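Quick notes on the structure that follows.
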Amino acid sequence: MSSSPQNPFVFGEIIDDTGFVNRTAELDQLVRDLGDGQKIFLLSPRRFGKSSLVATAMLRLKKRHIRTVNLTVSSYSSYTQFLEKFAEKVLRAAGPWERVKDWITKFGREAKPEISYNVNTGEVNLSLGRGSAYDPGPIAPEVFALPGELAKNAGFRMAICLDEFQQISAFNGGSVENVLRNQVQEQREVGYVFAGSQPSLMQEMLSSSRPFHKAGPQIFLDKIAAADWKEFIGRQLRNRGRVLDDAGMDALLQAADLIPYDVQRIAHELWDYAELRDQRQLDASDVNSVIATLVANQSTYYEILWEQLSARQRAALQAMAYRGDSEIYSQAIREEFRLGPASSVQKAIHSLDSRDVLDRYKGRYFFLDPLFPYWIRSRTG
Ligand SMILES: Nc1ncnc2c1ncn2[C@@H]1O[C@H](COP(=O)(O)OP(=O)(O)OP(=O)(O)O)[C@@H](O)[C@H]1O
Ligand SMILES: [Mg+2]
């Protein structure tokens with residue numbers, strides 16, 4: 001018996017080089033623009049692959065000796081902590097220590113942070129101020145100026161990603177946006193990518209009354225085309241001596257609604273299913289049985305979610321699950337699903353959008369979790 005190879009379908013983690021599907025044009029653009037010191041906004045609904053795209057771009061930039069920094073804004077609980085980690089990561093990327101230490105001393109004189117450096121690990125630790133009353137506002141401009149100063153003084157380029165960028169407005173309201181925008185636009189040697197997973201919030205940040213308006217080009221990340229997935233999934237299965245027929249492949253991609261996370265999730269389960277049975281030929285019935293298992297495993301979660309929804313929201317979701325969003329406002333559908341007047345359907349849909357049950361893509365609403373409609377249908381069917 002041959003030992004089982006690793007499952008090649010990965011989800012819930014950031015994908016890098018080897019399992020990376022398509023996105024060549026976006027990748028080239030991102031690498032080029034960041035290398036040139038541009039400020040770019042990367043937008044898409046959740047789980048479309050922003051973080052994976054940025055991670056792959058950062059790897060390429062590193063190979064070109066560009067210093068890279070990646071921060072997920074939503075990981076930090078306060079503005080102070082965000083500024084500390086920003087400074088630490090920038091200093092680490094700018095290292096070695098010998099090169100940056102003079103500059104740090106200068107930065108330290110003005111900002112008076114506590115900075116420690118571990119010679120063995122190369123770790124820089126920085127503390128701006130303690131206590132919840134500490135106001136990081138006055139020092140923020142200096143922290144955000146750091147990448148530009150270091151890059152200019154040491155003669156390198158830098159690329160910085162601020163992921164989940166829409167969360168930045170949670171720290172200190174508009175003033176963070178103002179300070180960051182002012183500093184960032186001075187930094188010719190530093191490329192920035194601001195990635196955000198709530199397009200509506202990101203669009204608001206980019207609107208005309210806000211500091212980041214017209215600060216740089218916007219990239220809207222699309223879904224990955226079916227043809228690319230077919231090639232990728234087919235090749236991985238073939239390498240293991242298996243085939244998924246055309247109808248099976250279509251069933252998989254349709255169930256996943258071409259959302260990258262869900263394509264990988266279903267393909268991952270299908271792989272394990274085939275390994276367990278040592279089955280070489282796979283078709284739509286195998287895909288459907290894998291989907292049924294996934295839906296069953298999630299049912300507790302779906303039930304809890306369902307219980308939290310209002311009657312109007314449930315009715316709107318049922319209509320969406322059976323008919324899609326195209327005619328949800330039509331009289332026929334509103335009557336069939338007892339949705340009430342169009343205005344309350346609209347209200348229900350909006351509230352489901354802000355609860356992250358639905359989202360919009362190319363002007364249409366869709367289920368963020370494409371298996372949720374399966375569960376909804378399985379209950380009422
Ligand atoms: N180019 C790609 N090739 C193959 N799989 C991908 C690709 N991009 C994304 N995926 C799949 O989608 C999953 C989610 O990707 P990622 O975390 O990068 O998305 P995201 O847009 O940053 O999501 P979130 O908004 O939740 O942060 C990955 O774990 C992977 O399974
Ligand atoms: Mg992400």
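Scheme for the structure tokens: letters A, B, ... for chains in order shown; per-chain residue numbers from 1; ligand numbers from 1 in order shown.
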
Next item on the list: Based on DSSP run over this structure's backbone, return all residues of segment 58-237 of chain A in helix (DSSP H, G or I), as a ChimeraX atom specification.
Entry: /A:58-63,73-75,79-94,97-111,137-154,165-170,174-184,199-205,226-237

Could you please extract the residues within 8 Å of ligand 2, counting only C-alpha atoms and all ligand atoms, and hand them back as a PDB file with N, CA and C atoms, in the first residue's frame?
```pdb
ATOM      1  N   ILE A  14      -3.393  31.025   4.377  1.00  0.00           N
ATOM      2  CA  ILE A  14      -2.951  31.845   3.267  1.00  0.00           C
ATOM      3  C   ILE A  14      -2.169  30.970   2.300  1.00  0.00           C
ATOM      4  N   ARG A  46     -15.295  38.740   1.491  1.00  0.00           N
ATOM      5  CA  ARG A  46     -14.494  37.787   2.273  1.00  0.00           C
ATOM      6  C   ARG A  46     -14.109  36.550   1.455  1.00  0.00           C
ATOM      7  N   ARG A  47     -12.958  36.032   1.763  1.00  0.00           N
ATOM      8  CA  ARG A  47     -12.505  34.724   1.266  1.00  0.00           C
ATOM      9  C   ARG A  47     -12.350  34.635  -0.243  1.00  0.00           C
ATOM     10  N   GLY A  49      -9.523  35.790  -1.581  1.00  0.00           N
ATOM     11  CA  GLY A  49      -8.094  35.550  -1.789  1.00  0.00           C
ATOM     12  C   GLY A  49      -7.201  36.777  -1.733  1.00  0.00           C
ATOM     13  N   LYS A  50      -7.629  37.817  -1.013  1.00  0.00           N
ATOM     14  CA  LYS A  50      -6.791  39.022  -0.911  1.00  0.00           C
ATOM     15  C   LYS A  50      -5.496  38.732  -0.167  1.00  0.00           C
ATOM     16  N   SER A  51      -5.614  38.121   1.008  1.00  0.00           N
ATOM     17  CA  SER A  51      -4.408  37.906   1.821  1.00  0.00           C
ATOM     18  C   SER A  51      -3.438  36.977   1.106  1.00  0.00           C
ATOM     19  N   SER A  52      -3.976  35.977   0.412  1.00  0.00           N
ATOM     20  CA  SER A  52      -3.102  35.052  -0.322  1.00  0.00           C
ATOM     21  C   SER A  52      -2.389  35.766  -1.459  1.00  0.00           C
ATOM     22  N   ASP A 163      -3.634  44.812   6.121  1.00  0.00           N
ATOM     23  CA  ASP A 163      -4.760  43.933   5.774  1.00  0.00           C
ATOM     24  C   ASP A 163      -5.930  44.224   6.721  1.00  0.00           C
ATOM     25  N   GLU A 164      -7.134  43.939   6.265  1.00  0.00           N
ATOM     26  CA  GLU A 164      -8.349  44.280   7.011  1.00  0.00           C
ATOM     27  C   GLU A 164      -8.325  45.768   7.358  1.00  0.00           C
ATOM     28  N   ALA A 195      -5.639  46.409   2.099  1.00  0.00           N
ATOM     29  CA  ALA A 195      -6.593  45.378   1.670  1.00  0.00           C
ATOM     30  C   ALA A 195      -7.793  45.372   2.602  1.00  0.00           C
ATOM     31  N   GLY A 196      -8.984  45.234   2.036  1.00  0.00           N
ATOM     32  CA  GLY A 196     -10.175  45.271   2.871  1.00  0.00           C
ATOM     33  C   GLY A 196     -11.229  44.294   2.414  1.00  0.00           C
ATOM     34  N   SER A 197     -11.872  43.635   3.379  1.00  0.00           N
ATOM     35  CA  SER A 197     -12.805  42.575   3.021  1.00  0.00           C
ATOM     36  C   SER A 197     -14.253  43.022   3.140  1.00  0.00           C
TER      37      SER A 197
END
```

Next item on the list: Pick out the residues sitting within 9 Å of segment 320-325 of chain A, and hand them over as a VMD selection string; count only C-alpha atoms, and ignore anything fewer than 3 positions along from it in its own chain.
Entry: chain A and resid 315 to 317 328 to 329 333 364 to 367 372 to 374 376 to 377

Note to self: Using only C-alpha atoms and all ligand atoms, can you tell me which of A:Ala140, A:Ala55, A:Ala348, A:Val69 comes closest to ligand 1?
What the structure shows: A:Ala55

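Among the candidates A:Gln38, A:Gln236, A:Ser4, A:Gln264, the one nearest to ligand 1 when counting only C-alpha atoms and all ligand atoms is A:Gln264.
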
Checklist line | Expected answer as a count of residues only: residues within 9 Å of ligand 1, only C-alpha atoms and all ligand atoms | finding: 48

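Residues surrounding segment 199-203 of chain A within 10 Å are Phe41, Leu42, Leu43, Ser44, Pro45, Arg46, Glu164, Phe165, Gln166, Gln167, Ser169, Phe194, Ala195, Ser207, Ser208, Phe212, His213, Gln218, Phe220, Asp353, Ser354, Asp359, Arg360 and Tyr361 of chain A [only C-alpha atoms; sequence separation below 4 positions excluded].
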
Margin query: From a backbone DSSP assignment, name each residue in segment 280-363 of chain A labelled strand (DSSP E), as a PyMOL selection string.
Written below: chain A and resi 281-282+358-361

Can you write just those residues out, N, CA and C atoms, as a CSV table (one decimal), in the first residue's frame?
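For reference, result.csv as written:
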```
chain,number,residue,atom,x,y,z
A,281,GLN,N,-12.7,6.7,-9.9
A,281,GLN,CA,-13.7,7.5,-10.8
A,281,GLN,C,-14.6,8.3,-9.8
A,282,LEU,N,-14.7,9.6,-10.0
A,282,LEU,CA,-15.6,10.4,-9.2
A,282,LEU,C,-16.6,11.1,-10.1
A,358,LEU,N,-25.1,37.8,3.9
A,358,LEU,CA,-25.1,38.0,2.4
A,358,LEU,C,-24.0,39.1,2.2
A,359,ASP,N,-23.6,39.2,0.9
A,359,ASP,CA,-22.7,40.3,0.5
A,359,ASP,C,-23.1,40.5,-1.0
A,360,ARG,N,-22.5,41.6,-1.5
A,360,ARG,CA,-22.8,42.0,-2.9
A,360,ARG,C,-21.5,41.8,-3.7
A,361,TYR,N,-21.8,41.3,-4.9
A,361,TYR,CA,-20.7,41.1,-5.9
A,361,TYR,C,-21.2,41.4,-7.2
```
